[in-house]
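Trainee: Sharing a structure with you now.
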Amino acid sequence: TLTGSEPAGRSVASIAGDEIKKTVLELGGSDPYVVMPSADIERAAATAVTARVQNNGQSCIAAKRFIVHVDVYDQFVERFTAGMRNLTVGDPMSDTTDVGPLSSEQGRADLEELVDDAVRHGARALCGGQRPKDLPNGWFYEPTILAEITTNMRIHREEAFGPVATLYRAGSLDEAITIANDTSFGLSSNVWTRDAAEVDRFVRDLEAGGIFFNGMTASHPAFPFGGIKRSGYGRELAGHGIREFCNATTVWHGTGPN
């Protein structure tokens, strides 16, 4: 079983296929975070900050695409933006730090390319969008929110592995689901709603290995975890994860002659 990037997963699966070996692949993610009108907006916005910047934004299960119904879009964005702006970027060993550096120079360069491409194509940075000027050493990047995202931007199609959130407006439940599914990834998802009919619809139609309602995605030993589409296949953890490592043996006993 591999947790890693899509290229790493392709390599492992290719080698394992040649050896006729089973694999479980938990790869990249571009998880949607959907906020509907019945949601607790204050809680949804506060949780959104943590969901985006956990592990400095370098998490496959971090929420990355924030899809907000037009009826509550302004309320959510105001709170979400304030929360992201108030984060402290700095030394990860300091108790006062919220967001530390990215893991490598290349990782920051890749993230910058996605943000720059989006801005060139019309995206608007509500906060962040650059390296912190007071932290010249280390691979730091400001917590960033990009609005006015369109389908011709790379960040719409690719995983942003760092503290950068993208915003989308949805005019209806159908449009929210369409935007959420418009990705080659399908790891997990987050939905904020108190409408039982909407819950049923998201469970039926969201293309993801997990759906977390009114909270952020978390990995827990009791829950099977894994994705679909280019996020991989198979499951880790829980009973499903244990059975990935088992070979079922069929045993049949005939009664024989009397």
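Chain labels follow the order of the structure tokens: the first chain is A, the next B, and so on; residue numbering restarts at 1 in every chain, and ligands are counted from 1 in their shown order.
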Counting only C-alpha atoms, give me one row per residue of range 77-146 of chain A with an atom at most 10 Å from an atom of range 167-170 of chain A, showing the shortest contact pair and its distance in Å to one decimal, sorted by chain then residue number, as a Markdown table.
Mentor:
| residue | atom | partner | partner_atom | distance |
| --- | --- | --- | --- | --- |
| A:Val77 | CA | A:Leu167 | CA | 8.5 |
| A:Ala123 | CA | A:Leu167 | CA | 9.7 |
| A:Arg124 | CA | A:Leu167 | CA | 9.9 |
| A:Leu126 | CA | A:Leu167 | CA | 10.0 |
| A:Ile145 | CA | A:Leu167 | CA | 7.2 |
| A:Leu146 | CA | A:Leu167 | CA | 6.1 |
Trainee: Selection from above, all heavy atoms, as a PDB file, in the first residue's frame, can you write it?
Mentor:
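Listing of out_35.pdb after writing:
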ATOM      1  N   VAL A  77     -17.257  33.971   2.883  1.00  0.00           N
ATOM      2  CA  VAL A  77     -15.974  34.477   2.398  1.00  0.00           C
ATOM      3  C   VAL A  77     -15.405  35.527   3.348  1.00  0.00           C
ATOM      4  O   VAL A  77     -14.191  35.560   3.602  1.00  0.00           O
ATOM      5  CB  VAL A  77     -16.120  35.045   0.968  1.00  0.00           C
ATOM      6  CG1 VAL A  77     -14.855  35.778   0.543  1.00  0.00           C
ATOM      7  CG2 VAL A  77     -16.426  33.912  -0.004  1.00  0.00           C
ATOM      8  N   ALA A 123      -8.024  35.263 -11.942  1.00  0.00           N
ATOM      9  CA  ALA A 123      -8.328  35.016 -10.535  1.00  0.00           C
ATOM     10  C   ALA A 123      -7.934  36.228  -9.699  1.00  0.00           C
ATOM     11  O   ALA A 123      -7.031  36.990 -10.067  1.00  0.00           O
ATOM     12  CB  ALA A 123      -7.602  33.771 -10.038  1.00  0.00           C
ATOM     13  N   ARG A 124      -8.604  36.376  -8.566  1.00  0.00           N
ATOM     14  CA  ARG A 124      -8.336  37.509  -7.680  1.00  0.00           C
ATOM     15  C   ARG A 124      -7.920  36.982  -6.314  1.00  0.00           C
ATOM     16  O   ARG A 124      -8.621  36.143  -5.728  1.00  0.00           O
ATOM     17  CB  ARG A 124      -9.606  38.356  -7.557  1.00  0.00           C
ATOM     18  CG  ARG A 124      -9.478  39.621  -6.762  1.00  0.00           C
ATOM     19  CD  ARG A 124     -10.662  40.537  -7.059  1.00  0.00           C
ATOM     20  NE  ARG A 124     -11.936  39.851  -6.924  1.00  0.00           N
ATOM     21  CZ  ARG A 124     -12.666  39.840  -5.793  1.00  0.00           C
ATOM     22  NH1 ARG A 124     -12.239  40.483  -4.733  1.00  0.00           N
ATOM     23  NH2 ARG A 124     -13.825  39.203  -5.756  1.00  0.00           N
ATOM     24  N   LEU A 126      -7.767  37.214  -2.583  1.00  0.00           N
ATOM     25  CA  LEU A 126      -8.415  37.925  -1.484  1.00  0.00           C
ATOM     26  C   LEU A 126      -7.459  38.116  -0.314  1.00  0.00           C
ATOM     27  O   LEU A 126      -7.635  39.012   0.507  1.00  0.00           O
ATOM     28  CB  LEU A 126      -9.653  37.160  -1.024  1.00  0.00           C
ATOM     29  CG  LEU A 126     -10.713  36.876  -2.089  1.00  0.00           C
ATOM     30  CD1 LEU A 126     -11.943  36.245  -1.457  1.00  0.00           C
ATOM     31  CD2 LEU A 126     -11.091  38.138  -2.846  1.00  0.00           C
ATOM     32  N   ILE A 145      -6.178  32.895  -0.559  1.00  0.00           N
ATOM     33  CA  ILE A 145      -7.502  32.558  -1.090  1.00  0.00           C
ATOM     34  C   ILE A 145      -7.636  33.185  -2.467  1.00  0.00           C
ATOM     35  O   ILE A 145      -7.430  34.392  -2.631  1.00  0.00           O
ATOM     36  CB  ILE A 145      -8.644  33.073  -0.189  1.00  0.00           C
ATOM     37  CG1 ILE A 145      -8.551  32.468   1.216  1.00  0.00           C
ATOM     38  CG2 ILE A 145     -10.004  32.745  -0.811  1.00  0.00           C
ATOM     39  CD1 ILE A 145      -9.598  33.013   2.182  1.00  0.00           C
ATOM     40  N   LEU A 146      -7.975  32.370  -3.459  1.00  0.00           N
ATOM     41  CA  LEU A 146      -8.182  32.846  -4.821  1.00  0.00           C
ATOM     42  C   LEU A 146      -9.666  32.750  -5.186  1.00  0.00           C
ATOM     43  O   LEU A 146     -10.272  31.687  -5.057  1.00  0.00           O
ATOM     44  CB  LEU A 146      -7.368  32.016  -5.812  1.00  0.00           C
ATOM     45  CG  LEU A 146      -5.840  32.054  -5.667  1.00  0.00           C
ATOM     46  CD1 LEU A 146      -5.201  31.135  -6.694  1.00  0.00           C
ATOM     47  CD2 LEU A 146      -5.308  33.479  -5.821  1.00  0.00           C
TER      48      LEU A 146
END
Trainee: Neighbouring residues of Tyr73 in chain A were defined as those with any atom within 12 Å, considering only C-alpha atoms; residues of the same chain fewer than 2 positions away were excluded. Please report them as a PyMOL selection string.
Mentor: chain A and resi 34-37+39+41+44-45+66-71+75-81+147+167-171
Trainee: Set the distance at 6 Å and use only C-alpha atoms: which residues neighbour range 235-244 of chain A once local chain neighbours fewer than 2 positions away are removed? I'd like the list as a PDB file with C-alpha atoms, in the first residue's frame.
Mentor:
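Result file is out_22.pdb:
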ATOM      1  CA  PRO A 221      -8.543   3.803  12.470  1.00  0.00           C
ATOM      2  CA  ALA A 222     -12.249   2.926  12.576  1.00  0.00           C
ATOM      3  CA  PHE A 223     -13.026   4.381   9.140  1.00  0.00           C
ATOM      4  CA  PRO A 224     -11.993   2.790   5.836  1.00  0.00           C
ATOM      5  CA  PHE A 225      -9.995   5.383   3.939  1.00  0.00           C
ATOM      6  CA  GLY A 226      -9.166   5.752   0.250  1.00  0.00           C
ATOM      7  CA  CYS A 246      -5.936 -11.069   3.125  1.00  0.00           C
TER       8      CYS A 246
END
Trainee: Select from range 27-204 of chain A everything DSSP, run on the backbone, classes as strand (DSSP E or B), then give the selection as a ChimeraX atom specification.
Mentor: /A:31-35,63-69,89,99,124-127,144-147,164-170,185-186,190-192
Trainee: Figure out the distance between CA of Ala62 in chain A and CA of Ser30 in chain A, please, to one decimal in Å.
Mentor: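 It comes out at 7.7 Å.
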Trainee: Quick one: residues within 7 Å of range 186-189 of chain A, only C-alpha atoms, excluding same-chain residues fewer than 3 positions away - as a PyMOL selection string?
Mentor: chain A and resi 29+31-33+61+207-212+217+226-231
Trainee: Take the residues that were just selected and, keeping C-alpha atoms, output them as a compact mmCIF listing (two decimals), in the first residue's frame.
Mentor:
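Wrote it out as part-v9.txt, contents follow:
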# COMPACT_ATOMS: atom_id res chain seq x y z
CA GLY A 29 -6.62 14.87 -3.71
CA ASP A 31 -11.14 17.80 -1.97
CA PRO A 32 -14.27 19.95 -2.27
CA TYR A 33 -15.63 21.83 0.74
CA ILE A 61 -7.10 15.15 2.54
CA GLU A 207 -17.71 11.25 -6.48
CA ALA A 208 -15.38 10.71 -3.55
CA GLY A 209 -14.10 7.96 -1.28
CA GLY A 210 -15.44 9.79 1.77
CA ILE A 211 -17.96 12.47 2.69
CA PHE A 212 -17.71 14.34 5.99
CA THR A 217 -12.06 15.18 6.74
CA GLY A 226 -9.17 5.75 0.25
CA GLY A 227 -10.24 7.34 -2.99
CA ILE A 228 -11.57 6.84 -6.49
CA LYS A 229 -10.56 8.18 -9.90
CA ARG A 230 -6.93 9.40 -9.90
CA SER A 231 -6.86 9.49 -6.12
